[in-house]
file entry-v4.json (JSON, C-alpha atoms)
[["chain", "number", "residue", "atom", "x", "y", "z"],
["A", 134, "MET", "CA", 19.28, -102.29, -77.50],
["A", 135, "PRO", "CA", 22.69, -101.26, -78.92],
["A", 136, "ARG", "CA", 25.40, -100.11, -76.57],
["A", 137, "SER", "CA", 26.47, -96.54, -76.51],
["A", 138, "SER", "CA", 29.67, -95.85, -78.38],
["A", 139, "THR", "CA", 31.04, -94.06, -75.31],
["A", 140, "TRP", "CA", 30.89, -97.26, -73.23],
["A", 141, "SER", "CA", 33.41, -99.95, -73.77],
["A", 142, "TRP", "CA", 34.45, -102.71, -71.47],
["A", 143, "ASP", "CA", 38.14, -103.36, -71.23],
["A", 144, "ARG", "CA", 38.63, -106.95, -70.06],
["A", 145, "SER", "CA", 42.30, -106.35, -69.41],
["A", 146, "ALA", "CA", 41.38, -103.84, -66.70],
["A", 147, "ILE", "CA", 39.99, -106.75, -64.69],
["A", 148, "GLU", "CA", 42.07, -109.67, -65.95],
["A", 149, "GLU", "CA", 45.50, -108.11, -65.51],
["A", 150, "PRO", "CA", 45.17, -107.33, -61.77],
["A", 151, "ILE", "CA", 43.72, -110.78, -61.10],
["A", 152, "GLN", "CA", 46.52, -112.45, -63.03],
["A", 153, "ALA", "CA", 49.12, -110.29, -61.26],
["A", 154, "ARG", "CA", 47.68, -111.24, -57.87],
["A", 155, "LEU", "CA", 47.70, -114.93, -58.75],
["A", 156, "GLU", "CA", 51.29, -114.71, -59.97],
["A", 157, "SER", "CA", 52.40, -112.87, -56.84],
["A", 158, "GLU", "CA", 50.70, -115.46, -54.63],
["A", 159, "ILE", "CA", 52.45, -118.24, -56.52],
["A", 160, "GLU", "CA", 55.79, -116.41, -56.40],
["A", 161, "SER", "CA", 55.46, -115.70, -52.67],
["A", 162, "SER", "CA", 54.39, -119.22, -51.78],
["A", 163, "PRO", "CA", 57.08, -121.82, -51.25],
["A", 164, "PRO", "CA", 56.94, -124.69, -53.76],
["A", 165, "SER", "CA", 56.10, -127.13, -50.97],
["A", 166, "GLU", "CA", 53.00, -125.10, -50.09],
["A", 167, "ILE", "CA", 51.88, -124.98, -53.71],
["A", 168, "LEU", "CA", 52.29, -128.77, -53.99],
["A", 169, "LYS", "CA", 50.41, -129.30, -50.73],
["A", 170, "ASP", "CA", 47.48, -127.20, -51.97],
["A", 171, "TYR", "CA", 47.53, -129.09, -55.27],
["A", 172, "TYR", "CA", 47.41, -132.51, -53.58],
["A", 173, "ASP", "CA", 44.79, -131.31, -51.07],
["A", 174, "LYS", "CA", 42.48, -130.52, -53.99],
["A", 175, "ILE", "CA", 43.11, -133.91, -55.58],
["A", 176, "ALA", "CA", 42.49, -135.69, -52.27],
["A", 177, "GLY", "CA", 39.06, -134.07, -52.15],
["A", 178, "ASN", "CA", 37.97, -136.07, -55.19],
["A", 179, "PRO", "CA", 38.47, -139.88, -55.04],
["A", 180, "LYS", "CA", 38.27, -140.28, -58.82],
["A", 181, "ALA", "CA", 40.94, -137.62, -59.29],
["A", 182, "ALA", "CA", 43.07, -139.37, -56.64],
["A", 183, "LEU", "CA", 42.69, -142.67, -58.53],
["A", 184, "ILE", "CA", 43.72, -141.10, -61.83],
["A", 185, "LYS", "CA", 46.65, -139.28, -60.23],
["A", 186, "CYS", "CA", 47.92, -142.48, -58.57],
["A", 187, "ILE", "CA", 47.66, -144.43, -61.84],
["A", 188, "ASP", "CA", 49.53, -141.63, -63.61],
["A", 189, "ARG", "CA", 52.24, -141.64, -60.93],
["A", 190, "CYS", "CA", 52.67, -145.39, -61.31],
["A", 191, "ASN", "CA", 53.32, -144.87, -64.99],
["A", 192, "ASN", "CA", 55.62, -141.92, -64.35],
["A", 193, "ILE", "CA", 57.82, -143.69, -61.82],
["A", 194, "THR", "CA", 57.96, -146.85, -63.91],
["A", 195, "THR", "CA", 59.38, -144.93, -66.87],
["A", 196, "MET", "CA", 61.21, -142.01, -65.23],
["A", 197, "SER", "CA", 64.65, -143.55, -65.65],
["A", 198, "TRP", "CA", 64.26, -143.28, -69.41],
["A", 199, "ALA", "CA", 64.32, -139.49, -69.54],
["A", 200, "LEU", "CA", 64.79, -137.80, -66.15],
["A", 201, "SER", "CA", 67.98, -136.60, -64.56],
["A", 202, "ARG", "CA", 69.11, -138.02, -61.22],
["A", 203, "GLU", "CA", 68.07, -134.77, -59.53],
["A", 204, "ARG", "CA", 64.57, -134.96, -61.00],
["A", 205, "ILE", "CA", 64.29, -138.63, -60.02],
["A", 206, "TYR", "CA", 65.20, -137.71, -56.42],
["A", 207, "ARG", "CA", 62.57, -134.94, -56.41],
["A", 208, "THR", "CA", 59.95, -137.30, -57.83],
["A", 209, "ILE", "CA", 60.72, -139.92, -55.18],
["A", 210, "LYS", "CA", 60.46, -137.30, -52.42],
["A", 211, "GLU", "CA", 57.20, -135.88, -53.78],
["A", 212, "THR", "CA", 55.73, -139.36, -54.13],
["A", 213, "GLU", "CA", 56.68, -140.37, -50.59],
["A", 214, "GLU", "CA", 55.30, -137.12, -49.22],
["A", 215, "HIS", "CA", 51.94, -136.87, -51.01],
["A", 216, "TYR", "CA", 50.83, -140.23, -52.35],
["A", 217, "PRO", "CA", 50.19, -142.11, -49.09],
["A", 218, "ARG", "CA", 47.36, -139.65, -48.46],
["A", 219, "LEU", "CA", 45.88, -140.25, -51.91],
["A", 220, "ILE", "CA", 46.06, -144.00, -51.33],
["A", 221, "GLU", "CA", 44.17, -143.53, -48.04],
["A", 222, "VAL", "CA", 41.47, -141.62, -49.92],
["A", 223, "LEU", "CA", 41.15, -144.58, -52.30],
["A", 224, "LYS", "CA", 40.99, -147.09, -49.43],
["A", 225, "GLY", "CA", 38.01, -145.15, -48.08],
["A", 226, "GLU", "CA", 36.01, -145.74, -51.26],
["A", 227, "ILE", "CA", 34.59, -149.23, -51.62],
["A", 228, "GLU", "CA", 34.89, -149.24, -55.42],
["A", 229, "TYR", "CA", 38.56, -148.19, -55.28],
["A", 230, "SER", "CA", 39.80, -150.23, -52.30],
["A", 231, "ASN", "CA", 41.28, -153.07, -54.41],
["A", 232, "ALA", "CA", 42.92, -150.54, -56.71],
["A", 233, "ALA", "CA", 44.37, -148.79, -53.65],
["A", 234, "TRP", "CA", 46.19, -151.93, -52.60],
["A", 235, "LEU", "CA", 47.61, -152.54, -56.08],
["A", 236, "LEU", "CA", 48.66, -148.93, -56.55],
["A", 237, "LYS", "CA", 50.31, -148.78, -53.13],
["A", 238, "TYR", "CA", 52.22, -151.99, -53.88],
["A", 239, "GLN", "CA", 53.36, -150.73, -57.31],
["A", 240, "ILE", "CA", 54.41, -147.30, -56.05],
["A", 241, "GLU", "CA", 56.27, -148.64, -53.02],
["A", 242, "SER", "CA", 58.01, -151.37, -55.05],
["A", 243, "MET", "CA", 59.22, -148.97, -57.72],
["A", 244, "LEU", "CA", 60.43, -146.42, -55.17],
["A", 245, "ASP", "CA", 62.29, -149.12, -53.28],
["A", 246, "ILE", "CA", 64.06, -150.23, -56.46],
["A", 247, "TYR", "CA", 65.06, -146.67, -57.39],
["A", 248, "LYS", "CA", 66.34, -145.87, -53.91],
["A", 249, "ARG", "CA", 68.47, -149.03, -53.88],
["A", 250, "LEU", "CA", 69.97, -148.26, -57.29],
["A", 251, "MET", "CA", 70.73, -144.60, -56.66]]
call {"tool": "encode", "arguments": {"input": "entry-v4.json", "output": "structure tokens"}}
result
Amino acid sequence: MPRSSTWSWDRSAIEEPIQARLESEIESSPPSEILKDYYDKIAGNPKAALIKCIDRCNNITTMSWALSRERIYRTIKETEEHYPRLIEVLKGEIEYSNAAWLLKYQIESMLDIYKRLM
């Protein structure tokens, strides 16, 4: 049955307020809270935690190639604050427990090197 020409659905009437609310929540939340929520969601999924830890290993191994000192400091702080929890998630999964040990060793070793050099 065709729609009446007098009825039209304007998606923007719904999407714009939702987007504005999301943006205001992000703007009103401190960055540390946004990061905490982000890592909480990752910690809820062991496979996502594994992928994120592998990605972080790569990032910290190569960060001296392109990042400023300030960004390196922020990355070190973020890693020290959030990644131990992700490693603990991995240790709790039998199929990821060996990977957890290797990832923890790699992350801690690289952070130690950066902190000594900076």
call {"tool": "residues_around", "arguments": {"input": "entry-v4.json", "residues": "region 228-242 of chain A", "least_positions_apart": "6", "cutoff": "12 Å", "atoms": "all atoms listed in the file", "output": "JSON, numbers by chain"}}
result
{"A": [179, 180, 181, 182, 183, 184, 185, 186, 187, 188, 189, 190, 191, 192, 193, 194, 208, 209, 211, 212, 213, 215, 216, 217, 218, 219, 220, 221, 222, 248, 249]}
call {"tool": "axis_aligned_box", "arguments": {"input": "entry-v4.json", "around": "region 184-194 of chain A", "padding_each_side": "8 Å", "output": "AutoDock Vina command-line options"}}
result
--center_x 50.8 --center_y -143.1 --center_z -61.8 --size_x 30.2 --size_y 23.6 --size_z 22.4
call {"tool": "closest_residue", "arguments": {"input": "entry-v4.json", "among": "A:Ile175, A:Met251, A:Met243, A:Ile227", "to": "Tyr206 (chain A)", "atoms": "only C-alpha atoms"}}
result
A:Met251
call {"tool": "atom_distance", "arguments": {"input": "entry-v4.json", "atom1": "CA of Tyr172 (chain A)", "atom2": "CA of Thr195 (chain A)"}}
result
21.8 Å
call {"tool": "atom_distance", "arguments": {"input": "entry-v4.json", "atom1": "CA of Glu203 (chain A)", "atom2": "CA of Pro163 (chain A)"}}
result
18.9 Å
call {"tool": "atom_distance", "arguments": {"input": "entry-v4.json", "atom1": "CA of Ala199 (chain A)", "atom2": "CA of Asp245 (chain A)"}}
result
19.0 Å
